[in-house]
Each structure stands twice: as structure tokens, then as C-alpha cells.
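Structure file start_21.pdb with PDB, C-alpha atoms and all ligand atoms:
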ATOM      1  CA  MET A   1      30.771 -19.803   6.602  1.00  0.00           C
ATOM      2  CA  SER A   2      27.512 -18.727   8.228  1.00  0.00           C
ATOM      3  CA  ARG A   3      24.201 -19.596   6.623  1.00  0.00           C
ATOM      4  CA  LYS A   4      22.532 -16.689   4.856  1.00  0.00           C
ATOM      5  CA  ILE A   5      18.989 -16.431   6.179  1.00  0.00           C
ATOM      6  CA  ALA A   6      16.478 -14.070   4.571  1.00  0.00           C
ATOM      7  CA  ILE A   7      12.926 -13.245   5.491  1.00  0.00           C
ATOM      8  CA  TYR A   8      10.276 -12.462   2.913  1.00  0.00           C
ATOM      9  CA  PRO A   9       7.682 -10.476   4.875  1.00  0.00           C
ATOM     10  CA  GLY A  10       4.270  -9.548   3.579  1.00  0.00           C
ATOM     11  CA  SER A  11       0.529  -9.863   3.786  1.00  0.00           C
ATOM     12  CA  PHE A  12       0.095 -12.543   1.082  1.00  0.00           C
ATOM     13  CA  ASP A  13      -3.683 -12.090   1.111  1.00  0.00           C
ATOM     14  CA  PRO A  14      -3.832 -14.138  -1.043  1.00  0.00           C
ATOM     15  CA  PRO A  15      -0.461 -15.419  -2.268  1.00  0.00           C
ATOM     16  CA  THR A  16      -0.129 -14.814  -6.025  1.00  0.00           C
ATOM     17  CA  LYS A  17       1.968 -16.299  -8.791  1.00  0.00           C
ATOM     18  CA  GLY A  18       4.162 -13.208  -8.404  1.00  0.00           C
ATOM     19  CA  HIS A  19       4.855 -14.098  -4.757  1.00  0.00           C
ATOM     20  CA  LEU A  20       5.641 -17.688  -5.751  1.00  0.00           C
ATOM     21  CA  ASP A  21       7.977 -16.475  -8.474  1.00  0.00           C
ATOM     22  CA  LEU A  22       9.834 -14.351  -5.927  1.00  0.00           C
ATOM     23  CA  ILE A  23      10.063 -17.246  -3.454  1.00  0.00           C
ATOM     24  CA  ALA A  24      11.618 -19.396  -6.192  1.00  0.00           C
ATOM     25  CA  ARG A  25      14.171 -16.695  -6.954  1.00  0.00           C
ATOM     26  CA  GLY A  26      14.910 -16.029  -3.278  1.00  0.00           C
ATOM     27  CA  SER A  27      15.355 -19.712  -2.519  1.00  0.00           C
ATOM     28  CA  ARG A  28      18.138 -19.829  -5.095  1.00  0.00           C
ATOM     29  CA  ILE A  29      20.236 -17.052  -3.565  1.00  0.00           C
ATOM     30  CA  PHE A  30      19.734 -17.593   0.177  1.00  0.00           C
ATOM     31  CA  ASP A  31      20.534 -20.660   2.250  1.00  0.00           C
ATOM     32  CA  GLU A  32      17.229 -20.314   4.057  1.00  0.00           C
ATOM     33  CA  LEU A  33      14.200 -18.245   3.121  1.00  0.00           C
ATOM     34  CA  VAL A  34      11.457 -17.633   5.670  1.00  0.00           C
ATOM     35  CA  VAL A  35       8.166 -16.439   4.215  1.00  0.00           C
ATOM     36  CA  ALA A  36       6.874 -14.296   7.066  1.00  0.00           C
ATOM     37  CA  ILE A  37       3.178 -13.419   7.190  1.00  0.00           C
ATOM     38  CA  LEU A  38       2.417 -10.293   9.191  1.00  0.00           C
ATOM     39  CA  ARG A  39      -0.308 -10.584  11.841  1.00  0.00           C
ATOM     40  CA  ASN A  40      -1.773  -7.149  11.355  1.00  0.00           C
ATOM     41  CA  PRO A  41      -4.500  -6.261  13.879  1.00  0.00           C
ATOM     42  CA  GLU A  42      -5.289  -3.110  11.888  1.00  0.00           C
ATOM     43  CA  LYS A  43      -6.423  -4.979   8.790  1.00  0.00           C
ATOM     44  CA  THR A  44      -9.371  -7.271   8.204  1.00  0.00           C
ATOM     45  CA  PRO A  45      -7.917  -9.815   5.815  1.00  0.00           C
ATOM     46  CA  LEU A  46      -9.776 -12.013   3.351  1.00  0.00           C
ATOM     47  CA  PHE A  47      -7.896 -15.132   4.499  1.00  0.00           C
ATOM     48  CA  THR A  48      -6.882 -15.646   8.111  1.00  0.00           C
ATOM     49  CA  VAL A  49      -3.186 -15.789   8.891  1.00  0.00           C
ATOM     50  CA  GLU A  50      -3.548 -19.532   9.509  1.00  0.00           C
ATOM     51  CA  GLU A  51      -5.219 -20.043   6.116  1.00  0.00           C
ATOM     52  CA  ARG A  52      -2.481 -18.081   4.366  1.00  0.00           C
ATOM     53  CA  LYS A  53       0.229 -19.994   6.209  1.00  0.00           C
ATOM     54  CA  GLU A  54      -1.275 -23.331   5.230  1.00  0.00           C
ATOM     55  CA  MET A  55      -1.685 -22.264   1.592  1.00  0.00           C
ATOM     56  CA  ILE A  56       1.901 -21.026   1.273  1.00  0.00           C
ATOM     57  CA  GLU A  57       3.185 -24.156   3.010  1.00  0.00           C
ATOM     58  CA  LEU A  58       1.385 -26.321   0.471  1.00  0.00           C
ATOM     59  CA  LEU A  59       2.666 -24.224  -2.408  1.00  0.00           C
ATOM     60  CA  THR A  60       6.287 -24.227  -1.227  1.00  0.00           C
ATOM     61  CA  SER A  61       6.528 -27.811   0.021  1.00  0.00           C
ATOM     62  CA  GLY A  62       8.929 -28.602  -2.818  1.00  0.00           C
ATOM     63  CA  TYR A  63      11.603 -26.236  -1.517  1.00  0.00           C
ATOM     64  CA  LYS A  64      13.925 -27.681   1.110  1.00  0.00           C
ATOM     65  CA  ASN A  65      15.194 -24.252   2.221  1.00  0.00           C
ATOM     66  CA  VAL A  66      11.867 -22.404   2.423  1.00  0.00           C
ATOM     67  CA  ARG A  67       9.632 -22.298   5.474  1.00  0.00           C
ATOM     68  CA  VAL A  68       6.599 -20.280   6.406  1.00  0.00           C
ATOM     69  CA  ASP A  69       6.066 -18.396   9.650  1.00  0.00           C
ATOM     70  CA  THR A  70       3.946 -15.596  11.072  1.00  0.00           C
ATOM     71  CA  PHE A  71       5.046 -12.567  13.029  1.00  0.00           C
ATOM     72  CA  GLU A  72       3.783  -9.559  14.920  1.00  0.00           C
ATOM     73  CA  GLY A  73       5.471  -6.214  15.472  1.00  0.00           C
ATOM     74  CA  LEU A  74       8.429  -4.803  13.647  1.00  0.00           C
ATOM     75  CA  THR A  75       9.953  -6.683  10.745  1.00  0.00           C
ATOM     76  CA  VAL A  76      13.454  -5.755  11.923  1.00  0.00           C
ATOM     77  CA  ASP A  77      12.816  -7.282  15.378  1.00  0.00           C
ATOM     78  CA  TYR A  78      11.512 -10.467  13.834  1.00  0.00           C
ATOM     79  CA  ALA A  79      14.506 -10.632  11.472  1.00  0.00           C
ATOM     80  CA  THR A  80      16.886 -10.133  14.393  1.00  0.00           C
ATOM     81  CA  ARG A  81      15.240 -12.957  16.376  1.00  0.00           C
ATOM     82  CA  LEU A  82      15.760 -15.261  13.398  1.00  0.00           C
ATOM     83  CA  ARG A  83      19.338 -14.064  12.838  1.00  0.00           C
ATOM     84  CA  ALA A  84      18.319 -13.162   9.311  1.00  0.00           C
ATOM     85  CA  THR A  85      20.683 -10.874   7.440  1.00  0.00           C
ATOM     86  CA  ALA A  86      18.329  -9.848   4.658  1.00  0.00           C
ATOM     87  CA  VAL A  87      14.766  -8.842   3.948  1.00  0.00           C
ATOM     88  CA  LEU A  88      13.554  -9.920   0.530  1.00  0.00           C
ATOM     89  CA  ARG A  89      10.997  -7.735  -1.224  1.00  0.00           C
ATOM     90  CA  GLY A  90       9.660  -7.719  -4.757  1.00  0.00           C
ATOM     91  CA  ILE A  91       9.539  -4.701  -7.001  1.00  0.00           C
ATOM     92  CA  ARG A  92       7.120  -5.027  -9.904  1.00  0.00           C
ATOM     93  CA  ALA A  93       7.134  -1.550 -11.345  1.00  0.00           C
ATOM     94  CA  ILE A  94       8.369   1.971 -10.663  1.00  0.00           C
ATOM     95  CA  SER A  95       5.164   2.581  -8.703  1.00  0.00           C
ATOM     96  CA  ASP A  96       6.352   0.085  -6.065  1.00  0.00           C
ATOM     97  CA  TYR A  97       9.716   1.751  -5.745  1.00  0.00           C
ATOM     98  CA  GLU A  98       8.882   4.779  -3.611  1.00  0.00           C
ATOM     99  CA  TYR A  99       7.081   2.781  -0.921  1.00  0.00           C
ATOM    100  CA  GLU A 100       9.686   0.029  -0.953  1.00  0.00           C
ATOM    101  CA  LEU A 101      12.589   2.486  -0.780  1.00  0.00           C
ATOM    102  CA  GLN A 102      11.008   4.281   2.167  1.00  0.00           C
ATOM    103  CA  MET A 103      10.435   0.992   3.973  1.00  0.00           C
ATOM    104  CA  ALA A 104      13.945  -0.297   3.213  1.00  0.00           C
ATOM    105  CA  LEU A 105      15.575   2.920   4.438  1.00  0.00           C
ATOM    106  CA  MET A 106      13.424   3.000   7.570  1.00  0.00           C
ATOM    107  CA  ASN A 107      14.314  -0.624   8.304  1.00  0.00           C
ATOM    108  CA  ARG A 108      17.981   0.243   7.789  1.00  0.00           C
ATOM    109  CA  LYS A 109      17.628   3.123  10.238  1.00  0.00           C
ATOM    110  CA  LEU A 110      16.071   0.753  12.774  1.00  0.00           C
ATOM    111  CA  GLN A 111      18.522  -2.088  12.179  1.00  0.00           C
ATOM    112  CA  PRO A 112      21.605  -1.038  10.164  1.00  0.00           C
ATOM    113  CA  SER A 113      22.967  -4.561   9.791  1.00  0.00           C
ATOM    114  CA  LEU A 114      19.845  -5.803   8.018  1.00  0.00           C
ATOM    115  CA  GLU A 115      19.953  -5.499   4.229  1.00  0.00           C
ATOM    116  CA  THR A 116      16.896  -5.259   2.006  1.00  0.00           C
ATOM    117  CA  VAL A 117      17.275  -7.220  -1.214  1.00  0.00           C
ATOM    118  CA  PHE A 118      14.919  -6.329  -4.047  1.00  0.00           C
ATOM    119  CA  MET A 119      14.124  -8.830  -6.750  1.00  0.00           C
ATOM    120  CA  MET A 120      11.880  -8.459  -9.771  1.00  0.00           C
ATOM    121  CA  PRO A 121       9.297 -11.135 -10.435  1.00  0.00           C
ATOM    122  CA  ALA A 122       8.958 -12.372 -14.021  1.00  0.00           C
ATOM    123  CA  GLU A 123       7.702  -9.484 -16.126  1.00  0.00           C
ATOM    124  CA  HIS A 124       4.437 -11.271 -16.943  1.00  0.00           C
ATOM    125  CA  TYR A 125       3.536 -10.999 -13.248  1.00  0.00           C
ATOM    126  CA  SER A 126       4.416  -7.317 -12.999  1.00  0.00           C
ATOM    127  CA  TYR A 127       0.758  -6.261 -12.927  1.00  0.00           C
ATOM    128  CA  VAL A 128      -0.392  -8.921 -10.446  1.00  0.00           C
ATOM    129  CA  SER A 129      -1.339  -7.801  -6.959  1.00  0.00           C
ATOM    130  CA  SER A 130      -3.246  -9.454  -4.126  1.00  0.00           C
ATOM    131  CA  ARG A 131      -5.610  -6.488  -3.977  1.00  0.00           C
ATOM    132  CA  LEU A 132      -6.632  -6.830  -7.623  1.00  0.00           C
ATOM    133  CA  VAL A 133      -6.915 -10.601  -7.291  1.00  0.00           C
ATOM    134  CA  ARG A 134      -9.317 -10.146  -4.344  1.00  0.00           C
ATOM    135  CA  GLU A 135     -11.338  -7.609  -6.286  1.00  0.00           C
ATOM    136  CA  ILE A 136     -11.625  -9.735  -9.427  1.00  0.00           C
ATOM    137  CA  ALA A 137     -12.397 -12.920  -7.482  1.00  0.00           C
ATOM    138  CA  ALA A 138     -15.055 -11.151  -5.404  1.00  0.00           C
ATOM    139  CA  MET A 139     -16.841 -10.238  -8.610  1.00  0.00           C
ATOM    140  CA  GLY A 140     -16.574 -13.744 -10.035  1.00  0.00           C
ATOM    141  CA  GLY A 141     -13.878 -12.875 -12.563  1.00  0.00           C
ATOM    142  CA  PRO A 142     -11.144 -15.252 -13.729  1.00  0.00           C
ATOM    143  CA  VAL A 143      -7.986 -15.301 -11.634  1.00  0.00           C
ATOM    144  CA  GLY A 144      -6.423 -18.525 -12.933  1.00  0.00           C
ATOM    145  CA  ALA A 145      -3.595 -16.653 -14.650  1.00  0.00           C
ATOM    146  CA  LEU A 146      -2.787 -14.683 -11.515  1.00  0.00           C
ATOM    147  CA  VAL A 147      -2.780 -17.223  -8.702  1.00  0.00           C
ATOM    148  CA  PRO A 148      -1.917 -20.927  -8.374  1.00  0.00           C
ATOM    149  CA  GLY A 149      -4.833 -23.364  -8.839  1.00  0.00           C
ATOM    150  CA  LEU A 150      -5.055 -24.026  -5.101  1.00  0.00           C
ATOM    151  CA  ILE A 151      -5.571 -20.330  -4.385  1.00  0.00           C
ATOM    152  CA  GLU A 152      -8.097 -20.022  -7.188  1.00  0.00           C
ATOM    153  CA  GLN A 153     -10.112 -22.837  -5.569  1.00  0.00           C
ATOM    154  CA  ARG A 154      -9.897 -21.231  -2.135  1.00  0.00           C
ATOM    155  CA  LEU A 155     -11.009 -17.887  -3.565  1.00  0.00           C
ATOM    156  CA  ARG A 156     -13.981 -19.474  -5.268  1.00  0.00           C
ATOM    157  CA  ALA A 157     -14.913 -21.235  -2.042  1.00  0.00           C
ATOM    158  CA  LYS A 158     -14.526 -17.996  -0.097  1.00  0.00           C
ATOM    159  CA  PHE A 159     -16.710 -15.988  -2.450  1.00  0.00           C
ATOM    160  CA  LYS A 160     -18.912 -18.935  -3.421  1.00  0.00           C
ATOM    161  CA  THR A 161     -18.512 -17.969  -7.066  1.00  0.00           C
ATOM    162  CA  PRO A 162     -18.692 -20.401  -9.986  1.00  0.00           C
ATOM    163  CA  TYR A 163     -15.715 -20.743 -12.292  1.00  0.00           C
ATOM    164  CA  SER A 164     -15.683 -17.972 -14.856  1.00  0.00           C
ATOM    165  CA  PRO A 165     -12.952 -18.263 -17.485  1.00  0.00           C
ATOM    166  CA  ASN A 166     -12.260 -15.366 -19.806  1.00  0.00           C
ATOM    167  CA  LYS A 167     -11.819 -15.766 -23.533  1.00  0.00           C
ATOM    168  CA  SER A 168      -8.066 -15.260 -23.480  1.00  0.00           C
ATOM    169  CA  GLN A 169      -7.423 -18.240 -21.215  1.00  0.00           C
ATOM    170  CA  SER A 170      -6.010 -21.438 -22.656  1.00  0.00           C
ATOM    171  CA  LYS A 171      -8.134 -24.370 -23.852  1.00  0.00           C
ATOM    172  CA  ARG A 172      -6.801 -26.392 -20.949  1.00  0.00           C
ATOM    173  CA  ALA A 173      -8.009 -23.801 -18.487  1.00  0.00           C
ATOM    174  CA  THR A 174     -11.459 -23.620 -20.062  1.00  0.00           C
ATOM    175  CA  LYS A 175     -11.842 -27.390 -19.801  1.00  0.00           C
ATOM    176  CA  LYS A 176     -11.933 -27.139 -16.027  1.00  0.00           C
ATOM    177  CA  PRO A 177     -15.205 -28.170 -14.413  1.00  0.00           C
ATOM    178  CA  LYS A 178     -17.636 -25.331 -13.897  1.00  0.00           C
ATOM    179  CA  ARG A 179     -17.586 -25.770 -10.160  1.00  0.00           C
ATOM    180  CA  THR A 180     -15.190 -27.568  -7.884  1.00  0.00           C
ATOM    181  CA  SER A 181     -15.764 -28.759  -4.376  1.00  0.00           C
ATOM    182  CA  LYS A 182     -14.871 -26.425  -1.553  1.00  0.00           C
ATOM    183  CA  ALA A 183     -11.234 -26.621  -0.516  1.00  0.00           C
TER     184      ALA A 183
HETATM  185  O1  LIG B 201       2.661  -7.386   1.505  1.00  0.00           O
HETATM  186  P1  LIG B 201       2.739  -6.019   2.122  1.00  0.00           P
HETATM  187  O2  LIG B 201       1.416  -5.667   2.778  1.00  0.00           O
HETATM  188  O3  LIG B 201       3.216  -4.963   1.169  1.00  0.00           O
HETATM  189  O4  LIG B 201       3.841  -6.126   3.302  1.00  0.00           O
HETATM  190  C1  LIG B 201       4.144  -5.013   4.090  1.00  0.00           C
HETATM  191  C2  LIG B 201       5.015  -5.433   5.288  1.00  0.00           C
HETATM  192  C3  LIG B 201       4.368  -6.538   6.077  1.00  0.00           C
HETATM  193  C4  LIG B 201       6.359  -5.899   4.785  1.00  0.00           C
HETATM  194  C5  LIG B 201       5.210  -4.152   6.161  1.00  0.00           C
HETATM  195  O5  LIG B 201       3.969  -3.574   6.438  1.00  0.00           O
HETATM  196  C6  LIG B 201       5.926  -4.454   7.478  1.00  0.00           C
HETATM  197  O6  LIG B 201       7.102  -4.719   7.495  1.00  0.00           O
HETATM  198  N1  LIG B 201       5.157  -4.417   8.582  1.00  0.00           N
HETATM  199  C7  LIG B 201       5.635  -4.768   9.912  1.00  0.00           C
HETATM  200  C8  LIG B 201       5.702  -3.545  10.827  1.00  0.00           C
HETATM  201  C9  LIG B 201       6.952  -2.769  10.531  1.00  0.00           C
HETATM  202  O7  LIG B 201       8.054  -3.257  10.639  1.00  0.00           O
HETATM  203  N2  LIG B 201       6.752  -1.492  10.134  1.00  0.00           N
HETATM  204  C10 LIG B 201       7.824  -0.605   9.757  1.00  0.00           C
HETATM  205  C11 LIG B 201       8.223  -0.838   8.299  1.00  0.00           C
HETATM  206  S1  LIG B 201       9.400   0.343   7.803  1.00  0.00           S
END
Once you've parsed the file, please lay out its structure as C-alpha cells.
Amino acid sequence: MSRKIAIYPGSFDPPTKGHLDLIARGSRIFDELVVAILRNPEKTPLFTVEERKEMIELLTSGYKNVRVDTFEGLTVDYATRLRATAVLRGIRAISDYEYELQMALMNRKLQPSLETVFMMPAEHYSYVSSRLVREIAAMGGPVGALVPGLIEQRLRAKFKTPYSPNKSQSKRATKKPKRTSKA
């Protein structure tokens, strides 16, 4: 039987706990999952593609069937080059659905043999988005509940902000040093 390869395309700027949750779920249903970071010349990202690739590689090193790559151009062309049969995307809430449906149907029009598979991240990540994480981190707010520790460190280094826990975070989280070295 042929190996089921899926790509998980996105911006991942930065990767969140929601993305990691989806990678964990995807890795369980596909033989190989390729996290594919789009090189988008139209956007000025917070983290370079190389930084995002390195961060996701570190965060997914425990998965034997997950690898990280970058791509340019159409997702369907990239998927075809990899012989992937599915595109994995996360749906957090109804608000995601319209955009995701449009993209899935357009991708199907472009490449009918490629299926889009939607998965829901754990409900406690349903409000987490990279955009909000960037906004909160830029203003020195706490993002420890939203992104893995490594990403939190990189965000603090990027914005040169001190650690700023909120009251609802756990005792363990508040025991962290006020400032860590740059990652
Ligand atoms: O994480 P994002 O920003 O929601 O990911 C969007 C992404 C990268 C999946 C989408 O913009 C994409 O597939 N871009 C590649 C160009 C392309 O194929 N466009 C047509 C999509 S129907």
C-alpha cells in the first residue's frame, strides 16, 4: 500500500500551541506529514522563513514522520511535487470555515486528486492565532499559554520585552526568571 503523505501549509508566524496540536493529530493519521512554510514575498513576516523552519524543527523533533520544509508558489503544485495526497488545515471556529472552504474548493478545482483534510485543534486553543500572539507579544503581554516556551523566548528576544506573566497563569509559570537570555 502506498504511503499517505500530507502537507500542512501555512505561515506559522509564529508557530502556536494550536499548530503543534494539529501537527500531533496529523502525525497520527498520515504516514508522513510535511509542515510546509510558505515563502510569501507579499508579506513582511515577524520571523524569517528560516527562523520559523528552525523553530518548528526543534518543536517537532520527537516525531519520526514529521518534517519541515518551505515552498513558493501554489500549494497544489508543491503537494504534487511531493506526491502528497492531502492538505491538512485546522479549523478553530466557524469564522475560519468560510475562508478554509473557499481555499479547499479552489485547491480542488486546481488539483482534483488532492484532498483537504480539516482537523480541529483542542478546544482550549480555539482562540489562539499567530496574529494575536504577535500583537500581545509586541506589547509585552503574556503569551506563555499560547505558544511553546521556545517561541515565547524567541518572541521576547525579538521584541526585547521582559517577561510579563498575567495573574491567571500558574504558579510554575510565574516562577520563571524575569528575563531570559536571547535565544
Ligand atoms: O497560515 P495561513 O497564512 O492561513 O496559510 C495560508 C496558506 C499558506 C495555506 C495559503 O495562503 C496558500 O496556500 N498559499 C499558497 C498560494 C496558493 O496556493 N494560493 C491559492 C490557495 S487557494
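Using only C-alpha atoms and all ligand atoms, residues with at least one atom at most 6 Å away from any atom of ligand LIG 201 (chain B) are Pro9, Gly10, Ser11, Phe12, Leu38, Gly73, Leu74, Thr75, Met103, Met106 and Asn107 of chain A.
In this structure, atom CA of Val68 of chain A sits 10.6 Å away from atom CA of Glu50 of chain A.
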Evaluate the PyMOL selection byres (((chain A and resi 55) around 12) and not hetatm) here and jot the selected residues down as a count of residues only. 35
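Taking atom CA of Asp31 of chain A and atom CA of Lys4 of chain A as endpoints, the distance between them is 5.2 Å.
The shell of residues at most 10 Å from Ala24 of chain A, with all atoms listed in the file counted and near chain neighbours (fewer than 6 positions) removed, consists of A:Gly18, A:Leu33, A:Thr60, A:Tyr63, A:Val66, A:Pro121.
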Work out how far atom CA of Tyr127 of chain A is from atom CA of Glu98 of chain A, in Å to one decimal. 16.6 Å
With a distance cut-off of 12 Å and only C-alpha atoms, select the neighbouring residues of Tyr97 of chain A, excluding the residue or stretch itself and same-chain residues fewer than 6 positions from it, and output the selection as a ChimeraX atom specification. /A:89-91,103-105,118-120
Output file for the selection above: C-alpha atoms, as a tab-separated table (two decimals), in the coordinates of the input:
chain	number	residue	atom	x	y	z
A	89	ARG	CA	11.00	-7.74	-1.22
A	90	GLY	CA	9.66	-7.72	-4.76
A	91	ILE	CA	9.54	-4.70	-7.00
A	103	MET	CA	10.44	0.99	3.97
A	104	ALA	CA	13.94	-0.30	3.21
A	105	LEU	CA	15.58	2.92	4.44
A	118	PHE	CA	14.92	-6.33	-4.05
A	119	MET	CA	14.12	-8.83	-6.75
A	120	MET	CA	11.88	-8.46	-9.77
Written as a VMD selection string, which residues does the PyMOL selection byres (((chain A and resi 8) around 6) and not hetatm) give for the file shown? chain A and resid 7 9 34 to 36 87 to 88
Would you please work out which residue, of A:Lys43, A:Ser130, A:Lys64, A:Ala122, is nearest to Phe30 of chain A when using only C-alpha atoms? A:Lys64
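Counting only C-alpha atoms, the residue from A:Ser129, A:Thr44, A:Thr116, A:Thr161 that sits nearest to Asp96 of chain A is A:Ser129.
Remark: for Val143 of chain A, the closest of the candidate residues A:Leu22, A:Ala86, A:Val128, A:Ala93 is A:Val128 (distances computed over only C-alpha atoms).
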